[in-house]
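A.B. asks: Below you'll find query16.pdb; it's PDB, C-alpha atoms.
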```pdb
MODEL        1
ATOM      1  CA  MET A 945     -49.628-106.950-129.162
ATOM      2  CA  SER A 946     -48.857-106.725-125.458
ATOM      3  CA  ALA A 947     -51.331-105.345-122.947
ATOM      4  CA  ALA A 948     -49.085-102.346-122.287
ATOM      5  CA  ASN A 949     -48.921-101.482-125.991
ATOM      6  CA  LEU A 950     -52.698-101.848-126.340
ATOM      7  CA  ALA A 951     -53.275 -99.518-123.387
ATOM      8  CA  TRP A 952     -50.875 -96.985-124.921
ATOM      9  CA  LEU A 953     -52.678 -97.221-128.279
ATOM     10  CA  LEU A 954     -56.060 -96.646-126.621
ATOM     11  CA  ARG A 955     -54.716 -93.608-124.755
ATOM     12  CA  VAL A 956     -53.341 -92.139-127.984
ATOM     13  CA  LEU A 957     -56.645 -92.715-129.804
ATOM     14  CA  LEU A 958     -58.713 -91.092-127.052
ATOM     15  CA  GLY A 959     -56.238 -88.233-126.759
ATOM     16  CA  LEU A 960     -56.469 -87.548-130.502
ATOM     17  CA  VAL A 961     -60.275 -87.556-130.377
ATOM     18  CA  PHE A 962     -60.356 -85.017-127.540
ATOM     19  CA  PHE A 963     -57.611 -82.937-129.164
ATOM     20  CA  ALA A 964     -59.552 -82.773-132.438
ATOM     21  CA  SER A 965     -62.731 -81.911-130.529
ATOM     22  CA  ALA A 966     -61.033 -79.012-128.731
ATOM     23  CA  VAL A 967     -59.142 -77.630-131.744
ATOM     24  CA  THR A 968     -62.229 -77.550-133.986
ATOM     25  CA  LYS A 969     -64.076 -75.489-131.363
ATOM     26  CA  ILE A 970     -61.401 -72.763-131.338
ATOM     27  CA  THR A 971     -61.960 -71.587-134.915
ATOM     28  CA  THR A 972     -64.424 -68.783-135.624
ATOM     29  CA  LYS A 973     -66.911 -71.137-137.281
ATOM     30  CA  GLY A 974     -66.396 -73.700-134.542
ATOM     31  CA  ARG A 975     -67.116 -71.190-131.773
ATOM     32  CA  GLN A 976     -70.231 -69.992-133.563
ATOM     33  CA  GLN A 977     -71.485 -73.546-133.967
ATOM     34  CA  VAL A 978     -71.050 -74.089-130.224
ATOM     35  CA  TYR A 979     -72.818 -70.808-129.402
ATOM     36  CA  ASP A 980     -75.707 -71.650-131.753
ATOM     37  CA  SER A 981     -76.095 -75.124-130.235
ATOM     38  CA  LEU A 982     -75.948 -74.046-126.592
ATOM     39  CA  THR A 983     -79.292 -72.226-126.691
ATOM     40  CA  PRO A 984     -81.436 -75.215-127.746
ATOM     41  CA  LEU A 985     -79.256 -77.819-125.977
ATOM     42  CA  LEU A 986     -78.949 -76.183-122.557
ATOM     43  CA  SER A 987     -81.293 -73.167-122.816
ATOM     44  CA  ILE A 988     -78.293 -70.868-122.344
ATOM     45  CA  ASN A 989     -78.620 -67.311-123.651
ATOM     46  CA  GLY A 990     -76.152 -64.473-123.486
ATOM     47  CA  LEU A 991     -72.815 -64.422-125.248
ATOM     48  CA  GLY A 992     -70.925 -64.099-121.955
ATOM     49  CA  ARG A 993     -72.465 -67.287-120.553
ATOM     50  CA  LYS A 994     -71.859 -69.163-123.779
ATOM     51  CA  ARG A 995     -68.210 -68.118-123.776
ATOM     52  CA  ALA A 996     -67.876 -69.333-120.182
ATOM     53  CA  ILE A 997     -69.364 -72.747-121.046
ATOM     54  CA  LEU A 998     -67.090 -73.050-124.080
ATOM     55  CA  ALA A 999     -64.067 -72.163-121.933
ATOM     56  CA  ILE A1000     -64.962 -74.884-119.414
ATOM     57  CA  VAL A1001     -65.351 -77.462-122.185
ATOM     58  CA  LEU A1002     -62.041 -76.470-123.808
ATOM     59  CA  VAL A1003     -60.157 -76.591-120.500
ATOM     60  CA  SER A1004     -61.623 -80.042-119.828
ATOM     61  CA  GLU A1005     -60.758 -81.395-123.254
ATOM     62  CA  PHE A1006     -57.233 -79.967-123.387
ATOM     63  CA  GLY A1007     -56.777 -81.142-119.795
ATOM     64  CA  VAL A1008     -57.619 -84.699-120.842
ATOM     65  CA  VAL A1009     -55.100 -84.501-123.675
ATOM     66  CA  ALA A1010     -52.377 -83.229-121.332
ATOM     67  CA  GLY A1011     -53.249 -85.780-118.648
ATOM     68  CA  LEU A1012     -53.253 -88.768-120.998
ATOM     69  CA  THR A1013     -49.938 -87.586-122.422
ATOM     70  CA  SER A1014     -48.122 -86.886-119.142
ATOM     71  CA  GLY A1015     -49.770 -89.464-116.908
ATOM     72  CA  VAL A1016     -49.820 -86.979-114.022
ATOM     73  CA  PRO A1017     -51.184 -87.712-111.479
ATOM     74  CA  SER A1018     -52.278 -91.061-112.995
ATOM     75  CA  ILE A1019     -53.531 -92.484-116.281
ATOM     76  CA  PRO A1020     -56.560 -94.281-114.735
ATOM     77  CA  LEU A1021     -57.698 -90.980-113.226
ATOM     78  CA  TRP A1022     -57.695 -89.231-116.602
ATOM     79  CA  LEU A1023     -59.398 -92.186-118.271
ATOM     80  CA  THR A1024     -62.119 -91.886-115.628
ATOM     81  CA  VAL A1025     -62.440 -88.191-116.488
ATOM     82  CA  VAL A1026     -62.874 -89.217-120.131
ATOM     83  CA  CYS A1027     -65.772 -91.490-119.157
ATOM     84  CA  LEU A1028     -67.395 -88.758-117.055
ATOM     85  CA  LEU A1029     -67.122 -86.163-119.837
ATOM     86  CA  LEU A1030     -68.524 -88.553-122.419
ATOM     87  CA  SER A1031     -71.400 -89.420-120.065
ATOM     88  CA  SER A1032     -72.178 -85.713-119.579
ATOM     89  CA  PHE A1033     -72.128 -85.016-123.314
ATOM     90  CA  THR A1034     -74.328 -88.066-123.950
ATOM     91  CA  ALA A1035     -76.879 -86.951-121.345
ATOM     92  CA  VAL A1036     -77.196 -83.488-122.935
ATOM     93  CA  VAL A1037     -77.631 -84.973-126.411
ATOM     94  CA  ALA A1038     -80.142 -87.568-125.209
ATOM     95  CA  VAL A1039     -82.334 -84.963-123.499
ATOM     96  CA  ALA A1040     -82.293 -82.682-126.567
ATOM     97  CA  ALA A1041     -83.045 -85.568-128.921
ATOM     98  CA  ALA A1042     -85.889 -86.761-126.688
ATOM     99  CA  ARG A1043     -87.436 -83.288-126.888
ATOM    100  CA  GLY A1044     -87.351 -83.560-130.665
ATOM    101  CA  ASP A1045     -84.783 -80.764-131.084
ATOM    102  CA  ASP A1046     -82.878 -81.166-134.351
ATOM    103  CA  VAL A1047     -79.727 -79.394-133.242
ATOM    104  CA  ALA A1048     -76.067 -80.114-133.898
ATOM    105  CA  CYS A1049     -74.049 -81.256-130.888
ATOM    106  CA  ALA A1050     -71.040 -79.142-131.984
ATOM    107  CA  CYS A1051     -68.792 -81.921-130.641
ATOM    108  CA  PHE A1052     -66.316 -81.113-133.387
ATOM    109  CA  GLY A1053     -67.167 -77.456-133.925
ATOM    110  CA  SER A1054     -68.372 -76.545-137.410
ATOM    111  CA  LEU A1055     -67.709 -80.118-138.591
ATOM    112  CA  SER A1056     -70.672 -81.295-136.480
ATOM    113  CA  THR A1057     -73.603 -79.886-138.441
ATOM    114  CA  LYS A1058     -75.949 -82.881-138.492
ATOM    115  CA  PRO A1059     -78.587 -83.109-135.744
ATOM    116  CA  ALA A1060     -77.309 -84.956-132.682
ATOM    117  CA  GLY A1061     -79.091 -88.152-131.826
ATOM    118  CA  ASN A1062     -78.666 -91.904-131.745
ATOM    119  CA  ALA A1063     -75.445 -91.877-133.776
ATOM    120  CA  THR A1064     -73.866 -89.452-131.306
ATOM    121  CA  ILE A1065     -74.945 -91.604-128.349
ATOM    122  CA  ALA A1066     -73.549 -94.733-130.030
ATOM    123  CA  ARG A1067     -70.232 -93.024-130.819
ATOM    124  CA  ASN A1068     -69.810 -91.869-127.226
ATOM    125  CA  THR A1069     -70.615 -95.382-126.027
ATOM    126  CA  VAL A1070     -67.823 -96.818-128.188
ATOM    127  CA  LEU A1071     -65.357 -94.212-126.891
ATOM    128  CA  SER A1072     -66.386 -94.916-123.305
ATOM    129  CA  SER A1073     -65.841 -98.641-123.925
ATOM    130  CA  LEU A1074     -62.323 -97.922-125.177
ATOM    131  CA  ALA A1075     -61.642 -95.839-122.069
ATOM    132  CA  LEU A1076     -62.938 -98.644-119.839
ATOM    133  CA  ALA A1077     -60.724-101.147-121.660
ATOM    134  CA  ALA A1078     -57.718 -98.920-121.028
ATOM    135  CA  ILE A1079     -58.657 -98.578-117.345
ATOM    136  CA  ALA A1080     -58.924-102.367-117.034
ATOM    137  CA  ILE A1081     -55.446-102.838-118.507
ATOM    138  CA  GLU A1082     -53.863-100.041-116.473
ATOM    139  CA  THR A1083     -55.337-101.288-113.172
ATOM    140  CA  GLY A1084     -54.943-105.000-113.834
ATOM    141  CA  LYS A1085     -58.663-105.785-113.914
ATOM    142  CA  SER A1086     -59.713-109.157-115.274
ATOM    143  CA  MET A1087     -61.197-109.633-118.737
ATOM    144  CA  ALA A1088     -64.418-110.784-117.083
ATOM    145  CA  TRP A1089     -64.716-107.436-115.267
ATOM    146  CA  LEU A1090     -64.102-105.586-118.536
ATOM    147  CA  ALA A1091     -66.624-107.696-120.480
ATOM    148  CA  ILE A1092     -69.358-107.255-117.868
ATOM    149  CA  THR A1093     -68.738-103.503-117.566
ATOM    150  CA  ILE A1094     -68.846-102.923-121.318
ATOM    151  CA  LEU A1095     -71.950-105.122-121.611
ATOM    152  CA  LEU A1096     -73.744-103.079-118.961
ATOM    153  CA  LEU A1097     -72.649 -99.861-120.675
ATOM    154  CA  GLY A1098     -73.965-101.159-123.990
ATOM    155  CA  LEU A1099     -77.294-102.147-122.469
ATOM    156  CA  LEU A1100     -77.645 -98.752-120.809
ATOM    157  CA  SER A1101     -76.877 -96.963-124.084
ATOM    158  CA  ALA A1102     -79.372 -99.156-125.940
ATOM    159  CA  GLN A1103     -82.042 -98.273-123.401
ATOM    160  CA  ILE A1104     -81.252 -94.580-123.796
ATOM    161  CA  ILE A1105     -81.512 -94.825-127.589
ATOM    162  CA  VAL A1106     -84.858 -96.665-127.359
ATOM    163  CA  LEU A1107     -86.254 -94.088-124.912
ATOM    164  CA  VAL A1108     -85.013 -91.219-127.079
ATOM    165  CA  GLU A1109     -86.653 -92.731-130.155
ATOM    166  CA  LEU A1110     -89.950 -93.337-128.354
ATOM    167  CA  SER A1111     -89.949 -89.813-126.941
ATOM    168  CA  ARG A1112     -89.123 -88.315-130.355
ATOM    169  CA  ARG A1113     -91.982 -90.200-132.005
ATOM    170  CA  LEU A1114     -94.380 -89.141-129.264
ATOM    171  CA  THR A1115     -93.278 -85.521-129.659
ATOM    172  CA  ASN A1116     -93.746 -85.666-133.437
ATOM    173  CA  ARG A1117     -97.192 -87.205-132.980
ATOM    174  CA  VAL A1118     -98.254 -84.463-130.583
ATOM    175  CA  ASN A1119     -96.855 -81.757-132.868
ATOM    176  CA  SER A1120     -98.686 -83.219-135.862
ATOM    177  CA  ARG A1121    -101.955 -82.836-133.952
ATOM    178  CA  THR A1122    -101.358 -79.297-132.752
ATOM    179  CA  THR A1123     -99.801 -77.599-135.801
ATOM    180  CA  SER A1124    -101.389 -76.587-139.073
ATOM    181  CA  PRO A1125    -100.581 -78.361-142.341
ATOM    182  CA  GLU A1126     -97.748 -76.890-144.399
ATOM    183  CA  GLY A1127     -98.854 -73.854-146.364
ATOM    184  CA  SER A1128    -101.984 -73.267-144.257
ATOM    185  CA  ALA A1129    -100.646 -71.788-141.044
ATOM    186  CA  PRO A1130    -103.114 -69.539-139.221
ATOM    187  CA  PRO A1131    -102.978 -65.778-139.814
ATOM    188  CA  LEU A1132    -100.716 -64.044-137.326
ATOM    189  CA  THR A1133    -103.364 -61.599-136.174
ATOM    190  CA  GLY A1134    -103.012 -59.205-133.280
ATOM    191  CA  ILE A1135     -99.207 -59.102-133.344
ATOM    192  CA  PRO A1136     -97.921 -55.497-133.138
ATOM    193  CA  LEU A1137     -95.687 -55.537-136.229
ATOM    194  CA  HIS A1138     -95.188 -51.805-136.502
ATOM    195  CA  GLY A1139     -94.366 -50.523-139.969
ATOM    196  CA  LEU A1140     -95.879 -53.443-141.889
ATOM    197  CA  ALA A1141     -98.936 -51.820-143.419
ATOM    198  CA  GLY A1142    -101.888 -54.180-143.709
ATOM    199  CA  PHE A1143     -99.945 -57.166-142.398
ATOM    200  CA  HIS A1144    -102.415 -58.260-139.742
ATOM    201  CA  THR A1145    -105.515 -57.263-141.676
ATOM    202  CA  GLY A1146    -104.636 -58.928-144.962
ATOM    203  CA  GLY A1147    -104.976 -55.779-147.040
ATOM    204  CA  GLY A1148    -103.144 -52.655-148.062
ATOM    205  CA  SER A1149     -99.874 -54.265-149.083
ATOM    206  CA  SER A1150     -99.008 -56.623-151.932
ATOM    207  CA  ALA A1151     -95.585 -57.462-150.500
ATOM    208  CA  SER A1152     -94.714 -60.602-148.618
ATOM    209  CA  THR A1153     -92.781 -60.343-145.375
ATOM    210  CA  ILE A1154     -89.601 -62.033-144.275
ATOM    211  CA  LEU A1155     -89.580 -62.379-140.492
ATOM    212  CA  ALA A1156     -86.006 -62.683-139.264
ATOM    213  CA  PHE A1157     -85.739 -64.228-135.800
ATOM    214  CA  LEU A1158     -82.424 -63.109-134.327
ATOM    215  CA  SER A1159     -80.691 -63.245-130.954
ATOM    216  CA  ALA A1160     -78.772 -60.251-129.672
ATOM    217  CA  SER A1161     -76.257 -62.630-128.053
ATOM    218  CA  CYS A1162     -75.537 -64.568-131.270
ATOM    219  CA  GLU A1163     -72.397 -63.574-133.194
ATOM    220  CA  GLY A1164     -73.782 -65.024-136.421
ATOM    221  CA  CYS A1165     -76.984 -62.993-136.007
ATOM    222  CA  LEU A1166     -74.994 -59.758-136.090
ATOM    223  CA  ARG A1167     -74.061 -60.523-139.702
ATOM    224  CA  ALA A1168     -77.632 -61.420-140.614
ATOM    225  CA  PRO A1169     -79.073 -57.878-141.179
ATOM    226  CA  THR A1170     -76.503 -57.104-143.888
ATOM    227  CA  GLU A1171     -77.086 -60.462-145.593
ATOM    228  CA  VAL A1172     -80.870 -60.162-145.361
ATOM    229  CA  GLY A1173     -80.753 -56.677-146.872
ATOM    230  CA  ARG A1174     -78.663 -57.966-149.779
ATOM    231  CA  ILE A1175     -80.857 -61.009-150.400
ATOM    232  CA  VAL A1176     -84.222 -59.184-150.401
ATOM    233  CA  SER A1177     -82.928 -56.238-152.421
ATOM    234  CA  GLY A1178     -85.078 -55.858-155.528
ATOM    235  CA  GLN A1179     -87.636 -58.386-154.301
ATOM    236  CA  ASN A1180     -91.251 -57.620-153.444
ATOM    237  CA  VAL A1181     -90.462 -58.600-149.868
ATOM    238  CA  GLU A1182     -90.332 -56.533-146.686
ATOM    239  CA  PRO A1183     -87.862 -57.709-144.005
ATOM    240  CA  TYR A1184     -88.781 -57.474-140.342
ATOM    241  CA  ALA A1185     -86.699 -58.632-137.379
ATOM    242  CA  VAL A1186     -87.829 -60.165-134.090
ATOM    243  CA  VAL A1187     -84.864 -59.851-131.713
ATOM    244  CA  ASP A1188     -84.473 -62.143-128.709
ATOM    245  CA  CYS A1189     -82.791 -59.999-126.049
ATOM    246  CA  ARG A1190     -83.106 -62.519-123.216
ATOM    247  CA  GLY A1191     -79.721 -63.092-121.607
ATOM    248  CA  ALA A1192     -78.000 -60.481-123.782
ATOM    249  CA  THR A1193     -75.999 -57.596-122.360
ATOM    250  CA  ASN A1194     -76.950 -53.971-123.036
ATOM    251  CA  ALA A1195     -73.927 -53.622-125.315
ATOM    252  CA  GLU A1196     -75.045 -56.629-127.387
ATOM    253  CA  VAL A1197     -78.573 -55.227-127.718
ATOM    254  CA  VAL A1198     -77.238 -51.823-128.798
ATOM    255  CA  GLU A1199     -74.950 -53.438-131.378
ATOM    256  CA  MET A1200     -77.812 -55.476-132.831
ATOM    257  CA  ARG A1201     -80.022 -52.393-133.088
ATOM    258  CA  ALA A1202     -77.225 -50.540-134.884
ATOM    259  CA  LYS A1203     -76.800 -53.375-137.400
ATOM    260  CA  LEU A1204     -80.548 -53.418-138.116
ATOM    261  CA  ALA A1205     -80.637 -49.637-138.487
ATOM    262  CA  GLU A1206     -77.753 -49.744-140.971
ATOM    263  CA  SER A1207     -79.718 -52.216-143.103
ATOM    264  CA  HIS A1208     -83.005 -50.294-142.655
ATOM    265  CA  ILE A1209     -84.765 -53.296-141.132
ATOM    266  CA  PRO A1210     -87.523 -52.500-138.600
ATOM    267  CA  SER A1211     -87.632 -54.699-135.520
ATOM    268  CA  MET A1212     -89.291 -55.555-132.253
ATOM    269  CA  GLN A1213     -87.821 -57.065-129.109
ATOM    270  CA  THR A1214     -88.861 -60.382-127.630
ATOM    271  CA  ASP A1215     -91.180 -58.868-125.038
ATOM    272  CA  GLN A1216     -93.401 -57.729-127.921
ATOM    273  CA  GLY A1217     -92.950 -60.729-130.183
ATOM    274  CA  TYR A1218     -92.596 -63.610-127.746
ATOM    275  CA  ASP A1219     -96.015 -65.013-128.731
ATOM    276  CA  LEU A1220     -94.843 -64.988-132.331
ATOM    277  CA  VAL A1221     -91.640 -66.841-131.419
ATOM    278  CA  GLU A1222     -93.650 -69.433-129.509
ATOM    279  CA  ALA A1223     -96.270 -69.814-132.250
ATOM    280  CA  LEU A1224     -93.643 -70.630-134.862
ATOM    281  CA  GLN A1225     -91.616 -72.763-132.404
ATOM    282  CA  VAL A1226     -88.405 -70.840-133.066
ATOM    283  CA  LYS A1227     -85.548 -72.589-131.237
ATOM    284  CA  ILE A1228     -82.470 -71.771-133.340
ATOM    285  CA  TYR A1229     -81.160 -68.373-134.403
ATOM    286  CA  PRO A1230     -81.095 -67.025-137.029
ATOM    287  CA  SER A1231     -84.360 -68.441-138.383
ATOM    288  CA  TYR A1232     -86.679 -67.014-141.022
ATOM    289  CA  ALA A1233     -90.369 -67.228-141.931
ATOM    290  CA  LEU A1234     -91.937 -66.114-145.210
ATOM    291  CA  VAL A1235     -95.362 -64.571-144.652
ATOM    292  CA  SER A1236     -97.808 -63.901-147.484
ATOM    293  CA  PRO A1237     -99.547 -60.504-147.853
ATOM    294  CA  SER A1238    -102.668 -62.070-146.323
ATOM    295  CA  GLY A1239    -100.779 -63.036-143.176
ATOM    296  CA  LEU A1240    -100.154 -66.748-143.797
ATOM    297  CA  VAL A1241     -96.819 -68.375-143.007
ATOM    298  CA  VAL A1242     -95.939 -70.098-146.289
ATOM    299  CA  GLY A1243     -92.368 -71.217-145.594
ATOM    300  CA  SER A1244     -89.526 -71.169-143.105
ATOM    301  CA  CYS A1245     -85.839 -72.008-142.849
ATOM    302  CA  VAL A1246     -82.954 -72.037-140.384
ATOM    303  CA  GLY A1247     -79.776 -70.114-141.206
ATOM    304  CA  THR A1248     -79.189 -67.160-143.502
ATOM    305  CA  GLY A1249     -77.595 -69.463-146.074
ATOM    306  CA  GLU A1250     -81.009 -71.065-146.704
ATOM    307  CA  LEU A1251     -82.890 -67.766-147.023
ATOM    308  CA  GLU A1252     -82.472 -67.340-150.782
ATOM    309  CA  GLY A1253     -84.117 -70.721-151.359
ATOM    310  CA  LEU A1254     -87.120 -69.542-149.342
ATOM    311  CA  LEU A1255     -87.820 -66.588-151.661
ATOM    312  CA  PRO A1256     -89.395 -66.854-155.121
ATOM    313  CA  PRO A1257     -86.922 -66.814-158.059
ATOM    314  CA  ARG A1258     -85.866 -63.393-159.204
ATOM    315  CA  VAL A1259     -87.431 -62.238-162.451
ATOM    316  CA  GLN A1260     -84.646 -61.419-164.887
ATOM    317  CA  PRO A1261     -85.203 -58.298-167.026
ATOM    318  CA  ALA A1262     -85.841 -58.922-170.708
ATOM    319  CA  GLN A1263     -82.784 -58.487-172.926
TER     320      GLN A1263
ENDMDL
END
```
Could you take the file, read its structure, and then write that structure out as structure tokens?

C.D. replies:
Amino acid sequence: MSAANLAWLLRVLLGLVFFASAVTKITTKGRQQVYDSLTPLLSINGLGRKRAILAIVLVSEFGVVAGLTSGVPSIPLWLTVVCLLLSSFTAVVAVAAARGDDVACACFGSLSTKPAGNATIARNTVLSSLALAAIAIETGKSMAWLAITILLLGLLSAQIIVLVELSRRLTNRVNSRTTSPEGSAPPLTGIPLHGLAGFHTGGGSSASTILAFLSASCEGCLRAPTEVGRIVSGQNVEPYAVVDCRGATNAEVVEMRAKLAESHIPSMQTDQGYDLVEALQVKIYPSYALVSPSGLVVGSCVGTGELEGLLPPRVQPAQ
């Protein structure tokens, strides 16, 4: 295979990767995955801000596809843009992984559901190496230059992975010292959960409580009240919502309140329940916590789809 054909093949491969990445973010599920990941990855709240970030990413990715296809103004320029974008994505993933955040990168929309980490960093390193190889061919660089550049890139990526792993282990060690064992979380006393009789005293109610942690700026959270109402129907469980309104517009807050009212789910806003959010280390919305009648957190999950598994099995009536 000639050098020109190899360069063309590398451009096509990179273009397809960026095209697939952009297209999978356009779908409804893909957009929601991006919105859900932006909060823990970049601490971005507010649907408007998330839409703006997604628009920038889509323009960049489709721009790369168009540039690699047309060659205007030059192929090496667009290959350099590929390297810069991959470096930016890798930096975001590395920082999140080092913090111990198990959050999907949403690189390929709803297809990217596994927590981003070392595999994501390694994949981006391989893609960057392919882009560098194409740059070397297009600009007439020597094989020695290419080998040294890719070697340095590999060493840098290896260092990042090692640092991420060390930081993750340190974070897990600290968390293991500062959190209670599973099933013995401390009573959530002193939290103003209006409407939950006996919740913070441990008496007066035999029902468990499902705490739903929602964000007013999360599209998926708007569907949660209806689903929660359906799931807990007929169970000895009282739903209660803690709504994160930080970064949300007034219209988004009003819409969330309306959805909760329709499902008859009482709620508080973050200014009242922020200590509760911090105590349970809620980072992804929607999240849920099952609280016993005595005020102990006995289970938790992320995503409404996992909520049914958190509740005790329904008792079927005798035939």

A.B. asks: Any idea what's packed within 7 Å of Ser1211 of chain A, counting only C-alpha atoms, ignoring anything in its chain fewer than 3 positions away? Could you give it as a list in words?

C.D. replies: Tyr1184, Ala1185, Val1186 and Val1187 of chain A

A.B. asks: For the file shown, report as JSON, numbers by chain the outcome of the PyMOL selection byres ((chain A and resi 1173) around 10) at residue level.

C.D. replies: {"A": [1168, 1169, 1170, 1171, 1172, 1174, 1175, 1176, 1177, 1178, 1182, 1183, 1204, 1206, 1207, 1208, 1209]}

A.B. asks: Show me as a PyMOL selection string the residues that reach within 10 Å of (-70.0, -64.1, -123.0), counting all atoms listed in the file and using the file's own coordinates.

C.D. replies: chain A and resi 979+989-998+1161-1162+1191-1193

A.B. asks: Within 10 Å of (-67.0, -92.9, -120.4) (file coordinates; all atoms listed in the file), which protein or nucleic acid residues are there? I'd like them as a ChimeraX atom specification.

C.D. replies: /A:1023-1034,1068-1076,1097

A.B. asks: Go ahead and compute the interatomic distance for atom CA of Ala1202 of chain A and atom CA of Cys1165 of chain A, in Å to one decimal.

C.D. replies: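 Separation of atom CA of Ala1202 of chain A and atom CA of Cys1165 of chain A: 12.5 Å.
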
A.B. asks: Identify which of the residues A:Ala951, A:Val1036, A:Ala1042, A:Leu1166 lies closest to Gln976 of chain A, counting all atoms listed in the file when measuring atom-to-atom distances.

C.D. replies: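 Comparing A:Ala951, A:Val1036, A:Ala1042, A:Leu1166 against Gln976 of chain A, the winner is A:Leu1166.
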
A.B. asks: Nearest to Val1037 of chain A among A:Val1197, A:Ile1104, A:Thr971, A:Val956, with distances taken over only C-alpha atoms: which residue is it?

C.D. replies: A:Ile1104

A.B. asks: In Å, rounded to a single decimal, give me how far atom CA of Ser981 of chain A is from atom CA of Ala1038 of chain A.

C.D. replies: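 These atoms are spaced 14.0 Å apart.
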
A.B. asks: Could you give me, as a VMD selection string, the residues within 9 Å of segment 1055-1062 of chain A, counting only C-alpha atoms and dropping anything in the same chain fewer than 5 positions from it?

C.D. replies: chain A and resid 968 974 977 1037 to 1038 1040 to 1042 1045 to 1050 1067 1104 to 1106 1108 to 1109

A.B. asks: What's the separation between atom CA of Ser1238 of chain A and atom CA of Thr1153 of chain A, in Å to one decimal place?

C.D. replies: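 Between atom CA of Ser1238 of chain A and atom CA of Thr1153 of chain A the gap is 10.1 Å.
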
A.B. asks: Measuring between all atoms listed in the file, which one of A:Met1200, A:Leu1021, A:Val1246, A:Ala1035 shows the shortest distance to Thr1064 of chain A?

C.D. replies: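 Among A:Met1200, A:Leu1021, A:Val1246, A:Ala1035, it is A:Ala1035 that comes nearest to Thr1064 of chain A.
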
A.B. asks: Quick one: which residues end up in the PyMOL selection byres ((chain A and resi 1154) around 10) for this structure, as a short mmCIF file (atom, residue, chain, number, x, y, z; two decimals) with C-alpha atoms, in the frame of the given file?

C.D. replies:
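Just written: result.cif:
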```cif
data_model
loop_
_atom_site.label_atom_id
_atom_site.label_comp_id
_atom_site.auth_asym_id
_atom_site.auth_seq_id
_atom_site.Cartn_x
_atom_site.Cartn_y
_atom_site.Cartn_z
CA ALA A 1151 -95.58 -57.46 -150.50
CA SER A 1152 -94.71 -60.60 -148.62
CA THR A 1153 -92.78 -60.34 -145.38
CA LEU A 1155 -89.58 -62.38 -140.49
CA ALA A 1156 -86.01 -62.68 -139.26
CA PHE A 1157 -85.74 -64.23 -135.80
CA VAL A 1172 -80.87 -60.16 -145.36
CA VAL A 1176 -84.22 -59.18 -150.40
CA VAL A 1181 -90.46 -58.60 -149.87
CA GLU A 1182 -90.33 -56.53 -146.69
CA PRO A 1183 -87.86 -57.71 -144.00
CA TYR A 1184 -88.78 -57.47 -140.34
CA ALA A 1185 -86.70 -58.63 -137.38
CA TYR A 1232 -86.68 -67.01 -141.02
CA ALA A 1233 -90.37 -67.23 -141.93
CA LEU A 1234 -91.94 -66.11 -145.21
CA VAL A 1235 -95.36 -64.57 -144.65
CA SER A 1236 -97.81 -63.90 -147.48
CA VAL A 1241 -96.82 -68.38 -143.01
CA GLY A 1243 -92.37 -71.22 -145.59
CA SER A 1244 -89.53 -71.17 -143.10
CA LEU A 1251 -82.89 -67.77 -147.02
CA LEU A 1254 -87.12 -69.54 -149.34
CA LEU A 1255 -87.82 -66.59 -151.66
#
```

A.B. asks: Could you tell me which residues the PyMOL selection byres ((chain A and resi 1010) around 12) grabs in this file, written as a list in words?

C.D. replies: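 Evaluating the PyMOL selection byres ((chain A and resi 1010) around 12) on these coordinates yields Arg955, Val956, Leu958, Gly959, Leu960, Phe962, Phe963, Val1003, Ser1004, Glu1005, Phe1006, Gly1007, Val1008, Val1009, Gly1011, Leu1012, Thr1013, Ser1014, Gly1015, Val1016, Pro1017, Ser1018, Ile1019, Trp1022 and Leu1023 of chain A.
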
A.B. asks: Pick from A:Val978, A:Ala1066, A:Ile988, A:Ala964: nearest to Lys1227 of chain A, with only C-alpha atoms counted?

C.D. replies: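 Answer, going by the shortest atom-to-atom distance: A:Ile988.
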
A.B. asks: From the set A:Ala966, A:Val1198, A:Leu985, A:Val1039, which residue has the shortest atom-to-atom contact distance to Ile1065 of chain A, counting only C-alpha atoms?

C.D. replies: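 Among A:Ala966, A:Val1198, A:Leu985, A:Val1039, it is A:Val1039 that comes nearest to Ile1065 of chain A.
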
A.B. asks: Could you pull the residues within 9 Å of Ile1081 of chain A, counting all atoms listed in the file, minus those fewer than 5 positions along the same chain, as number ranges by chain?

C.D. replies: A: 947-948, 950-951, 1076, 1086-1087
